[in-house]
Structures are given as structure tokens and as C-alpha cells.
>>> print(open('work_27.tsv').read())   # TSV, C-alpha atoms
chain	number	residue	atom	x	y	z
S	1	MET	CA	0.00	0.00	0.00
S	2	SER	CA	2.92	2.35	0.77
S	3	ALA	CA	4.43	1.75	-2.68
S	4	LEU	CA	1.08	2.46	-4.33
S	5	HIS	CA	0.68	5.63	-2.28
S	6	ASP	CA	4.18	6.77	-3.31
S	7	SER	CA	3.53	6.08	-6.99
S	8	LEU	CA	0.29	8.04	-6.89
S	9	ARG	CA	1.94	10.86	-5.02
S	10	ASP	CA	4.80	11.10	-7.52
S	11	ALA	CA	2.65	10.75	-10.65
S	12	PRO	CA	2.15	14.14	-12.37
S	13	LEU	CA	-1.38	15.14	-13.33
S	14	PRO	CA	-2.92	16.66	-16.49
S	15	GLY	CA	-1.60	20.16	-17.14
S	16	GLU	CA	1.27	19.83	-14.69
S	17	ALA	CA	3.96	20.15	-17.33
S	18	GLU	CA	2.21	23.18	-18.88
S	19	ALA	CA	1.73	24.86	-15.52
S	20	ALA	CA	5.29	24.23	-14.47
S	21	ALA	CA	6.63	25.60	-17.74
S	22	ARG	CA	4.58	28.78	-17.41
S	23	SER	CA	5.23	29.36	-13.73
S	24	TRP	CA	8.92	28.44	-13.64
S	25	PRO	CA	10.03	32.02	-14.60
S	26	VAL	CA	8.50	33.23	-11.32
S	27	VAL	CA	10.55	30.74	-9.34
S	28	ASP	CA	13.64	31.35	-11.45
S	29	ALA	CA	13.41	35.09	-10.86
S	30	ALA	CA	13.25	34.57	-7.12
S	31	LEU	CA	16.31	32.33	-7.21
S	32	ALA	CA	18.19	34.79	-9.41
S	33	GLU	CA	17.41	37.62	-7.03
S	34	ARG	CA	18.71	35.49	-4.18
S	35	THR	CA	21.96	34.82	-6.07
S	36	ARG	CA	22.57	38.48	-7.00
S	37	SER	CA	22.09	39.78	-3.46
S	38	ARG	CA	25.17	40.15	-1.22
S	39	PRO	CA	24.44	40.17	2.52
S	40	ALA	CA	25.78	43.04	4.55
S	41	ARG	CA	27.72	42.12	7.65
S	42	GLY	CA	25.31	41.13	10.38
S	43	GLY	CA	22.39	40.96	7.98
S	44	ALA	CA	22.88	37.45	6.54
S	45	ARG	CA	20.26	35.81	8.75
S	46	SER	CA	17.52	38.30	7.86
S	47	LEU	CA	18.42	38.09	4.17
S	48	ARG	CA	18.24	34.29	4.21
S	49	ARG	CA	14.84	34.58	5.87
S	50	ALA	CA	13.69	37.07	3.21
S	51	SER	CA	14.98	34.82	0.43
S	52	ARG	CA	13.07	31.88	1.84
S	53	VAL	CA	9.91	33.97	1.99
S	54	ALA	CA	10.40	35.09	-1.63
S	55	LEU	CA	10.97	31.54	-2.78
S	56	VAL	CA	7.92	30.24	-0.93
S	57	ALA	CA	5.85	33.02	-2.48
S	58	ALA	CA	7.14	32.11	-5.94
S	59	LEU	CA	6.35	28.45	-5.40
S	60	ALA	CA	2.89	29.40	-4.18
S	61	ALA	CA	2.38	31.41	-7.36
S	62	ALA	CA	3.47	28.36	-9.34
S	63	GLY	CA	0.92	26.27	-7.47
S	64	LEU	CA	-1.82	28.79	-8.23
S	65	ALA	CA	-0.84	28.71	-11.90
S	66	ALA	CA	-1.09	24.94	-11.87
S	67	ALA	CA	-4.55	25.13	-10.35
S	68	ALA	CA	-5.64	27.65	-12.98
S	69	LEU	CA	-4.26	25.70	-15.94
S	70	SER	CA	-4.99	22.16	-14.82
S	71	PRO	CA	-8.04	20.09	-13.90
S	72	ALA	CA	-9.24	20.19	-10.32
S	73	GLY	CA	-6.84	18.62	-7.87
S	74	ALA	CA	-3.74	19.04	-10.05
S	75	TRP	CA	-0.50	19.91	-8.34
S	76	ILE	CA	3.13	20.56	-9.11
S	77	GLY	CA	5.38	17.75	-7.93
S	78	ASP	CA	8.04	17.86	-5.24
S	79	ARG	CA	10.79	18.56	-7.79
S	80	PHE	CA	10.97	20.69	-10.91
S	81	ALA	CA	12.67	19.50	-14.12
S	82	GLY	CA	15.95	21.12	-13.14
S	83	ASP	CA	16.17	18.96	-10.04
S	84	SER	CA	15.70	15.65	-11.87
S	85	ASP	CA	18.38	12.99	-12.07
S	86	GLU	CA	20.18	13.89	-15.29
S	87	THR	CA	21.98	10.54	-15.34
S	88	ALA	CA	18.73	8.59	-15.84
S	89	PRO	CA	17.84	7.80	-19.47
S	90	ALA	CA	15.16	10.12	-20.81
S	91	PHE	CA	13.04	7.16	-21.90
S	92	ALA	CA	13.35	5.14	-18.69
S	93	ALA	CA	9.86	6.26	-17.64
S	94	LEU	CA	8.26	4.10	-20.36
S	95	PRO	CA	6.15	1.25	-18.97
S	96	LYS	CA	7.80	-2.16	-19.07
S	97	GLY	CA	7.22	-4.26	-22.14
S	98	GLY	CA	7.08	-3.09	-25.72
S	99	SER	CA	9.17	-0.83	-27.91
S	100	VAL	CA	8.37	2.63	-29.19
S	101	LEU	CA	9.10	3.67	-32.75
S	102	ALA	CA	10.22	7.29	-33.04
S	103	LEU	CA	10.84	9.41	-36.13
S	104	SER	CA	13.19	12.38	-36.07
S	105	ARG	CA	14.46	14.75	-38.73
S	106	THR	CA	17.16	12.34	-39.86
S	107	GLY	CA	15.86	8.87	-39.11
S	108	ALA	CA	13.93	6.29	-37.12
S	109	TYR	CA	14.71	4.85	-33.68
S	110	ALA	CA	13.53	1.89	-31.62
S	111	ILE	CA	13.23	2.78	-27.93
S	112	ASP	CA	12.92	0.13	-25.21
S	113	ALA	CA	11.41	0.52	-21.76
S	114	ASP	CA	14.84	0.32	-20.11
S	115	GLY	CA	15.72	3.62	-21.79
S	116	SER	CA	18.02	2.14	-24.44
S	117	THR	CA	17.74	3.43	-27.99
S	118	GLN	CA	18.70	1.97	-31.36
S	119	ARG	CA	18.89	3.87	-34.62
S	120	LEU	CA	17.12	1.84	-37.32
S	121	GLY	CA	17.99	3.91	-40.37
S	122	SER	CA	17.60	7.26	-42.06
S	123	PHE	CA	13.90	6.68	-42.77
S	124	SER	CA	11.33	9.39	-43.41
S	125	ASP	CA	8.52	7.03	-42.35
S	126	ALA	CA	8.40	3.62	-40.68
S	127	GLY	CA	6.18	1.04	-38.99
S	128	TRP	CA	6.39	-2.17	-36.94
S	129	SER	CA	5.83	-5.71	-38.15
S	130	PRO	CA	3.62	-8.08	-36.08
S	131	ARG	CA	5.06	-8.66	-32.60
S	132	GLY	CA	7.74	-6.06	-33.24
S	133	ARG	CA	10.18	-8.50	-34.83
S	134	HIS	CA	11.02	-6.08	-37.64
S	135	ALA	CA	10.40	-2.54	-38.75
S	136	VAL	CA	9.82	-1.37	-42.30
S	137	GLY	CA	10.91	2.07	-43.40
S	138	VAL	CA	11.10	4.23	-46.49
S	139	LYS	CA	13.69	6.71	-47.67
S	140	GLY	CA	13.28	8.24	-51.07
S	141	ARG	CA	12.86	5.39	-53.57
S	142	ARG	CA	13.81	2.60	-51.16
S	143	LEU	CA	11.75	0.30	-48.95
S	144	THR	CA	13.82	-1.41	-46.23
S	145	ALA	CA	13.16	-4.00	-43.54
S	146	VAL	CA	15.36	-4.00	-40.44
S	147	THR	CA	15.52	-5.83	-37.11
S	148	PRO	CA	14.97	-3.91	-33.83
S	149	VAL	CA	18.76	-3.59	-33.53
S	150	GLY	CA	19.08	-2.02	-36.97
S	151	THR	CA	20.28	-5.01	-39.01
S	152	VAL	CA	19.08	-4.68	-42.61
S	153	LYS	CA	17.13	-7.75	-43.77
S	154	TRP	CA	16.18	-6.61	-47.26
S	155	THR	CA	15.82	-3.54	-49.45
S	156	LEU	CA	13.59	-2.89	-52.43
S	157	ALA	CA	14.20	-0.01	-54.85
S	158	ARG	CA	11.53	1.63	-57.02
S	159	PRO	CA	11.64	4.34	-59.73
S	160	THR	CA	9.89	7.06	-57.70
S	161	ARG	CA	9.46	8.18	-54.09
S	162	LEU	CA	7.79	5.79	-51.62
S	163	HIS	CA	5.64	6.54	-48.57
S	164	ASP	CA	3.24	5.10	-45.98
S	165	PRO	CA	4.57	1.53	-45.55
S	166	ALA	CA	2.40	-0.98	-43.63
S	167	TRP	CA	3.31	-4.53	-42.62
S	168	SER	CA	0.45	-7.06	-42.59
S	169	MET	CA	-0.81	-7.88	-39.10
S	170	GLY	CA	-1.53	-11.59	-39.48
S	171	GLU	CA	1.69	-13.58	-39.84
S	172	GLY	CA	3.52	-10.71	-41.50
S	173	TYR	CA	3.62	-12.29	-44.93
S	174	ALA	CA	3.20	-9.02	-46.86
S	175	VAL	CA	4.10	-5.34	-46.83
S	176	ALA	CA	1.95	-2.69	-48.50
S	177	TYR	CA	3.30	0.69	-49.51
S	178	LEU	CA	2.52	3.64	-51.76
S	179	GLU	CA	4.60	4.75	-54.71
S	180	GLY	CA	3.16	8.13	-55.58
S	181	SER	CA	-0.55	7.33	-56.01
S	182	SER	CA	0.00	3.62	-56.72
S	183	LEU	CA	-0.74	1.00	-54.05
S	184	ARG	CA	1.76	-1.86	-54.16
S	185	VAL	CA	2.50	-4.99	-52.12
S	186	VAL	CA	5.59	-7.14	-51.66
S	187	ALA	CA	6.19	-10.37	-49.75
S	188	GLY	CA	7.35	-10.02	-46.15
S	189	ASP	CA	10.74	-11.52	-47.07
S	190	GLY	CA	11.31	-8.76	-49.64
S	191	ASP	CA	11.45	-11.08	-52.65
S	192	PRO	CA	11.62	-8.63	-55.61
S	193	SER	CA	9.65	-11.02	-57.81
S	194	SER	CA	6.67	-10.73	-55.44
S	195	ASP	CA	6.48	-6.94	-55.74
S	196	ARG	CA	3.41	-5.92	-57.71
S	197	LEU	CA	0.93	-3.14	-58.40
S	198	LEU	CA	-2.39	-3.62	-56.62
S	199	ARG	CA	-4.32	-0.41	-57.34
S	200	ARG	CA	-3.83	2.96	-59.01
S	201	ALA	CA	-5.33	6.27	-57.85
S	202	ALA	CA	-4.72	5.65	-54.13
S	203	ALA	CA	-4.89	8.60	-51.76
S	204	PRO	CA	-1.80	9.45	-49.63
S	205	VAL	CA	-3.18	7.52	-46.64
S	206	ARG	CA	-1.42	4.63	-44.90
S	207	PRO	CA	-3.19	1.37	-45.89
S	208	ALA	CA	-4.79	-0.63	-43.07
S	209	TRP	CA	-4.41	-4.42	-42.88
S	210	HIS	CA	-7.20	-6.52	-41.43
S	211	PRO	CA	-5.74	-7.99	-38.20
S	212	GLU	CA	-6.87	-11.54	-38.94
S	213	SER	CA	-5.53	-11.92	-42.47
S	214	ASP	CA	-2.42	-11.24	-44.54
S	215	ARG	CA	-4.62	-11.00	-47.63
S	216	VAL	CA	-7.19	-8.35	-46.69
S	217	LEU	CA	-6.09	-4.75	-47.12
S	218	THR	CA	-8.06	-1.49	-46.91
S	219	TYR	CA	-7.00	1.74	-48.59
S	220	ALA	CA	-8.40	5.18	-49.46
S	221	THR	CA	-8.95	6.28	-53.04
S	222	VAL	CA	-8.33	9.72	-54.54
S	223	SER	CA	-12.02	9.79	-55.55
S	224	GLY	CA	-13.13	9.82	-51.90
S	225	ALA	CA	-13.93	6.19	-51.15
S	226	ILE	CA	-12.61	3.36	-48.99
S	227	GLU	CA	-11.95	0.04	-50.68
S	228	THR	CA	-11.01	-3.32	-49.19
S	229	VAL	CA	-9.24	-5.80	-51.47
S	230	ASP	CA	-7.90	-9.35	-51.46
S	231	ILE	CA	-4.25	-8.92	-52.37
S	232	GLU	CA	-3.93	-12.45	-53.77
S	233	SER	CA	-6.80	-12.27	-56.23
S	234	ALA	CA	-6.83	-8.45	-56.49
S	235	ALA	CA	-10.62	-8.65	-56.10
S	236	THR	CA	-12.59	-5.87	-54.42
S	237	LEU	CA	-14.27	-7.23	-51.28
S	238	TRP	CA	-16.24	-4.07	-50.57
S	239	ARG	CA	-16.25	-0.35	-51.25
S	240	ALA	CA	-17.74	2.45	-49.14
S	241	PRO	CA	-18.38	6.11	-50.11
S	242	VAL	CA	-16.24	7.49	-47.31
S	243	SER	CA	-13.44	10.02	-47.70
S	244	ALA	CA	-10.64	9.44	-45.19
S	245	HIS	CA	-7.18	10.73	-44.35
S	246	SER	CA	-6.52	8.03	-41.73
S	247	LEU	CA	-7.62	4.40	-41.39
S	248	GLN	CA	-7.29	1.73	-38.72
S	249	TRP	CA	-8.90	-1.64	-38.01
S	250	SER	CA	-9.79	-2.60	-34.47
S	251	ARG	CA	-7.72	-5.40	-32.99
S	252	ASP	CA	-10.62	-7.88	-33.17
S	253	GLY	CA	-11.29	-7.01	-36.81
S	254	ARG	CA	-14.93	-6.09	-36.19
S	255	ARG	CA	-14.59	-2.35	-36.83
S	256	LEU	CA	-12.83	-0.12	-39.30
S	257	VAL	CA	-12.36	3.45	-38.08
S	258	ALA	CA	-11.83	6.25	-40.58
S	259	VAL	CA	-11.05	9.88	-39.76
S	260	SER	CA	-11.97	12.59	-42.24
S	261	GLY	CA	-11.91	16.31	-41.48
S	262	ARG	CA	-14.28	16.89	-38.57
S	263	ARG	CA	-15.69	13.37	-38.54
S	264	VAL	CA	-14.94	9.91	-37.24
S	265	ILE	CA	-16.68	7.22	-39.29
S	266	VAL	CA	-17.15	3.71	-37.89
S	267	LEU	CA	-17.73	0.83	-40.32
S	268	ASP	CA	-18.28	-2.87	-39.77
S	269	ARG	CA	-16.11	-5.58	-41.34
S	270	SER	CA	-18.30	-5.67	-44.46
S	271	GLY	CA	-18.00	-1.91	-45.09
S	272	ARG	CA	-21.42	-0.89	-43.74
S	273	ILE	CA	-21.33	2.51	-42.05
S	274	LEU	CA	-22.40	2.08	-38.43
S	275	ARG	CA	-22.20	5.70	-37.31
S	276	THR	CA	-20.62	9.07	-38.03
S	277	LEU	CA	-19.33	11.03	-35.05
S	278	PRO	CA	-18.71	14.81	-35.21
S	279	LEU	CA	-15.49	16.33	-33.88
S	280	SER	CA	-14.95	19.77	-32.34
S	281	GLY	CA	-12.25	20.53	-34.89
S	282	VAL	CA	-10.36	19.16	-37.86
S	283	ALA	CA	-8.56	15.96	-36.89
S	284	ARG	CA	-4.82	15.84	-37.53
S	285	GLU	CA	-4.25	12.23	-36.45
S	286	PHE	CA	-5.71	9.55	-34.22
S	287	ALA	CA	-4.84	6.39	-32.32
S	288	LEU	CA	-7.46	3.69	-31.89
S	289	HIS	CA	-7.54	2.15	-28.42
S	290	PRO	CA	-6.71	-1.60	-28.34
S	291	SER	CA	-10.24	-2.28	-27.10
S	292	GLY	CA	-11.67	-0.76	-30.27
S	293	THR	CA	-14.27	1.16	-28.24
S	294	HIS	CA	-12.71	4.63	-28.33
S	295	ALA	CA	-9.90	6.63	-29.92
S	296	ALA	CA	-7.54	9.46	-29.05
S	297	VAL	CA	-7.79	12.21	-31.66
S	298	VAL	CA	-5.66	15.34	-32.11
S	299	VAL	CA	-7.89	18.37	-32.88
S	300	ARG	CA	-7.29	22.13	-32.54
S	301	GLY	CA	-4.15	21.81	-30.45
S	302	ARG	CA	-5.86	19.34	-28.13
S	303	VAL	CA	-6.07	15.59	-27.65
S	304	VAL	CA	-9.60	14.32	-27.11
S	305	ASP	CA	-11.05	10.92	-26.34
S	306	VAL	CA	-13.89	9.92	-28.67
S	307	ARG	CA	-16.30	7.12	-27.78
S	308	LEU	CA	-17.18	5.12	-30.90
S	309	ASP	CA	-20.65	4.14	-29.68
S	310	ALA	CA	-21.89	7.68	-28.99
S	311	PRO	CA	-21.23	11.27	-30.12
S	312	ARG	CA	-19.24	12.05	-27.01
S	313	GLU	CA	-15.88	13.79	-26.80
S	314	ARG	CA	-13.73	14.31	-23.70
S	315	GLN	CA	-10.56	16.39	-23.55
S	316	LEU	CA	-7.45	14.49	-22.46
S	317	PHE	CA	-4.76	17.11	-22.98
S	318	GLN	CA	-4.27	20.64	-24.31
S	319	GLY	CA	-1.11	21.26	-26.32
S	320	THR	CA	0.41	20.76	-29.76
S	321	VAL	CA	0.77	17.00	-30.07
S	322	ASP	CA	2.02	15.58	-33.37
S	323	GLY	CA	2.47	11.92	-32.52
S	324	LEU	CA	0.59	9.53	-30.24
S	325	ALA	CA	0.25	5.79	-29.63
S	326	TRP	CA	-1.40	3.45	-27.12
S	327	SER	CA	0.53	0.87	-25.15
S	328	GLU	CA	-0.20	-2.77	-25.94
S	329	ASP	CA	-2.42	-3.15	-22.85
S	330	GLY	CA	-4.25	0.12	-23.50
S	331	ARG	CA	-3.44	1.57	-20.08
S	332	THR	CA	-1.13	4.33	-21.31
S	333	LEU	CA	-1.25	6.89	-24.12
S	334	LEU	CA	2.14	8.18	-25.26
S	335	MET	CA	2.21	11.66	-26.83
S	336	SER	CA	5.02	13.76	-28.30
S	337	TRP	CA	4.57	17.39	-27.21
S	338	ARG	CA	6.71	19.40	-29.60
S	339	ASP	CA	6.02	22.80	-27.99
S	340	THR	CA	8.07	21.89	-24.93
S	341	GLY	CA	10.33	19.15	-26.35
S	342	GLN	CA	8.80	16.51	-24.08
S	343	TRP	CA	7.06	13.18	-24.37
S	344	LEU	CA	4.05	12.68	-22.10
S	345	LEU	CA	2.58	9.50	-20.65
S	346	LEU	CA	-1.15	9.70	-19.96
S	347	GLY	CA	-2.00	6.89	-17.58
S	348	PRO	CA	-4.96	5.66	-15.54
S	349	GLY	CA	-7.00	8.43	-14.01
S	350	ASP	CA	-5.71	10.84	-16.70
S	351	ARG	CA	-2.48	11.28	-14.76
S	352	ILE	CA	0.35	12.69	-16.86
S	353	ARG	CA	4.03	11.97	-16.44
S	354	SER	CA	6.55	14.06	-18.35
S	355	MET	CA	9.60	12.60	-20.13
S	356	GLN	CA	12.12	15.39	-20.67
S	357	GLY	CA	15.35	15.49	-22.65
S	358	VAL	CA	14.15	13.16	-25.42
S	359	SER	CA	15.94	15.16	-28.14
S	360	ARG	CA	19.17	15.16	-26.14
S	361	GLU	CA	18.95	11.40	-25.64
S	362	LEU	CA	18.78	10.71	-29.38
S	363	GLY	CA	21.21	13.46	-30.37
S	364	ALA	CA	20.41	17.12	-30.85
S	365	ARG	CA	21.17	17.05	-34.57
S	366	ASP	CA	18.23	14.71	-35.14
S	367	GLY	CA	15.78	17.22	-33.70
S	368	PHE	CA	12.63	16.45	-31.75
S	369	PRO	CA	11.51	12.80	-32.13
S	370	ARG	CA	7.90	12.10	-33.06
S	371	VAL	CA	6.07	9.09	-31.65
S	372	ALA	CA	5.29	6.85	-34.65
S	373	GLY	CA	4.24	3.56	-33.06
S	374	TRP	CA	4.29	1.35	-29.96
S	375	CYS	CA	4.50	-2.39	-30.27
S	376	CYS	CA	4.63	-5.41	-28.03
S	377	GLY	CA	8.28	-6.09	-28.76
S	378	ASP	CA	8.13	-9.62	-27.40
S	379	GLY	CA	9.18	-11.29	-30.64
>>> encode(input="work_27.tsv", output="C-alpha cells")
Amino acid sequence: MSALHDSLRDAPLPGEAEAAARSWPVVDAALAERTRSRPARGGARSLRRASRVALVAALAAAGLAAAALSPAGAWIGDRFAGDSDETAPAFAALPKGGSVLALSRTGAYAIDADGSTQRLGSFSDAGWSPRGRHAVGVKGRRLTAVTPVGTVKWTLARPTRLHDPAWSMGEGYAVAYLEGSSLRVVAGDGDPSSDRLLRRAAAPVRPAWHPESDRVLTYATVSGAIETVDIESAATLWRAPVSAHSLQWSRDGRRLVAVSGRRVIVLDRSGRILRTLPLSGVAREFALHPSGTHAAVVVRGRVVDVRLDAPRERQLFQGTVDGLAWSEDGRTLLMSWRDTGQWLLLGPGDRIRSMQGVSRELGARDGFPRVAGWCCGDG
């Protein structure tokens, strides 16, 4: 019970990082004033007392800022960022189990829960294979598969630029990718003879594999529809008149979720539209919860939780987030908060824990790393 109490006490809450960032100048000014002052002989004790009073007042102001900027009950922790243990890996706060895929200005990284990092390659986009045994990435005209330690397994070159790779989620027998507006597939072992054109006129949206099959693939068309195809026969299984800029199947394969502008559209496995849910703003990206019952969506500089069975939206976080992913067990949402150079972990009870120094950990030249995926990593 004591350990649980300590973990709850130490866990930051929603808005804490924002409040701390905004109120830190008040504290910093008080400390600076304390440093500049030189005590006159005989006046050191009174000056120390005055400094303590000033510092307490500054901390109180910080606490008031936290209360104003955060949900009820939020508080600033016992230590500010400057007091943290700088020897601890920036990513050591990740929950145990699984590996995070991060994309920076110059490449992709695999990040384990022990804080260790591994550069996978100079990819502009990447994704995990089933069970995290491999990652697939693109750079220019090349599609490359690597192991979690960066060993290249195969590379496929094409005439024009590639984007939005997606490894099938069944046994991992196939990889889909886009070459311009052409949808193509290649065998999971990279055999060049297996590479083939599947469809033309595909929209620049990452294809979504059905989780129970290496043959069933869903993609968005430039004409504003969603189509699901059998990659072996090239037959159309179903087509729905839904425009989408993001697609994802639920883990049980019963729902396909599409995001388009200010809408979330939920379809069943046969392409029938179950419901259309309005959003409070234009969606930039989303992450479907492993349960398939709700999704985290980035809208208007906020992250909101959308229930897929009702038009209900709940704010999770306010800030410019440009990458998010759920943990395998669905208990934690990982977000990359570019405004402050931090990653945030949103856990049970909407408690937020900040991960600072993520750019420094990967190397400043690579810039701020964006969360691009989170996989089981037990392969």
C-alpha cells in the first residue's frame, strides 16, 4: 500500500507540465534575485529569511498557476525539471514491455522501456511488423526492412518516391506501400519477384491491414472512397463512399475506423457505415484504443477521447501533439509534445508523467523525435 501511495503521489497530473513551464520564470526570478544579493555584515540571517519567503511566495504562485491551468486537484510535484536525475535515461519512464518507434528529422529509432535506444535507419517514415520483430521504413525510392537492432534484412528499390509503408498484421507475410498514387504490395521476405501493383489512384493515406488476415487490405482512393481488397486475387471485397485521411482496423477485426476532417466514421467488417461522429475541430491524427471502443484524436491543439458508440468527446490534454500511440495493454497513451520538447505518458485516471530530454537522448542534430508507433516487442 505504501508503494502504491508513493507512486500516486509522484505521478504528475494533467496540465502539470504546462503549468510548471509557465510558472517556472517566477521561481527562477526569485532564485536569481537570491543569487545576485550580497548580505551586509550582520544581515545574513535576515536576508536568508527574506529569500526563503520570496521563494515560498514564488512556489505558491506556481501552485496557483497549476490550479488555474490544470483540472481540479492538479498539483506541481516535489521537484521541478531542473532537479531531476540527469543521469537517468530520458526514456526510462516508459512502462515495461514493448518498444516505441520514433521518427526524427534524420531517421527512425527503436526505444525500449529500459531507456536504451537503437537507430534503425535514415527513414522518413516507418512502422512495426507483427510482434515487433522487424520494422519497415522508407527513404526516397527505397523500402527497407530491419531488425529492432538495426540489421538490414532486405531492401527494395523503385523508380519514384515511396511513402506510408504498412506490414500485414496476421503472420507478417506481406508489406503494402505507396509509390506516388500507386498501391503496391511485396512479400514479407522482400522477394523482388513478389512486388506488384495492386491499385492505381490511391490517396496518400497509410493502408490498413485486417488484423486476422495477410490478404485483406483497406486503402483510401483519390475519388473519396474506402476500398477493401484481397491482395492475392486483387478482387474488391467491398467499397464504401467514405473520404478518409486516416484508417485503422480494431484489434478484433470487427470495426474499421476512418477519420476525415471533422468526422470519425465507424464501419463494420463488411463496409457498412455504423455511425458518423462529429469532432470539435479538424482531426490531424488519431490512435485507436486496443479495445476498439474509443480513440484518441488530435484536434485544434488538443487531444480528445472519442467514444465510438456515442457522439461524445472528452478532452485528455491541451497542447500541440504531433504523434501519439497506445501501449499494448491500452493503459497508457504516449504523446510527443513538440512545444516543450517533451514526451508525455497519460496513464490511468488521466495522470500525466513528463519525459524530458528526449531530443538530447537521441542526439540534438536529429531534432525532436515524433512518436510513430508502440508495439509489443516480445518477438
>>> closest_atom_pairs(input="work_27.tsv", of="stretch 331-372 of chain S", to="stretch 281-292 of chain S", cutoff="12 Å", atoms="all atoms listed in the file", output="CSV")
residue,atom,partner,partner_atom,distance
S:Arg331,CA,S:His289,CA,9.3
S:Thr332,CA,S:His289,CA,9.8
S:Leu333,CA,S:Ala287,CA,9.0
S:Leu334,CA,S:Ala287,CA,10.1
S:Met335,CA,S:Ala287,CA,10.4
S:Val371,CA,S:Ala287,CA,11.3
S:Ala372,CA,S:Ala287,CA,10.4
>>> atom_distance(input="work_27.tsv", atom1="atom CA of S:Gly190", atom2="atom CA of S:Val136")
10.5 Å
>>> atom_distance(input="work_27.tsv", atom1="atom CA of S:Gly132", atom2="atom CA of S:Val100")
9.6 Å
>>> atom_distance(input="work_27.tsv", atom1="atom CA of S:Thr320", atom2="atom CA of S:Thr340")
9.1 Å
>>> closest_residue(input="work_27.tsv", among="S:Asp309, S:Asp189, S:Asp164, S:Asp366", to="S:Arg275", atoms="all atoms listed in the file")
S:Asp309
>>> residues_near_point(input="work_27.tsv", point="(0.8, -2.9, -54.7)", cutoff="8 Å", atoms="only C-alpha atoms", output="list in words")
Ala176, Tyr177, Leu178, Ser182, Leu183, Arg184, Val185, Val186, Asp195, Arg196, Leu197, Leu198 and Arg199 of chain S
>>> residues_around(input="work_27.tsv", residues="S:Thr221", least_positions_apart="4", cutoff="12 Å", atoms="all atoms listed in the file", output="PyMOL selection string")
chain S and resi 178+181-183+199-207+225-228+239-247
>>> closest_residue(input="work_27.tsv", among="S:Tyr173, S:Trp337, S:Tyr219, S:Phe91", to="S:Ser116", atoms="only C-alpha atoms")
S:Phe91
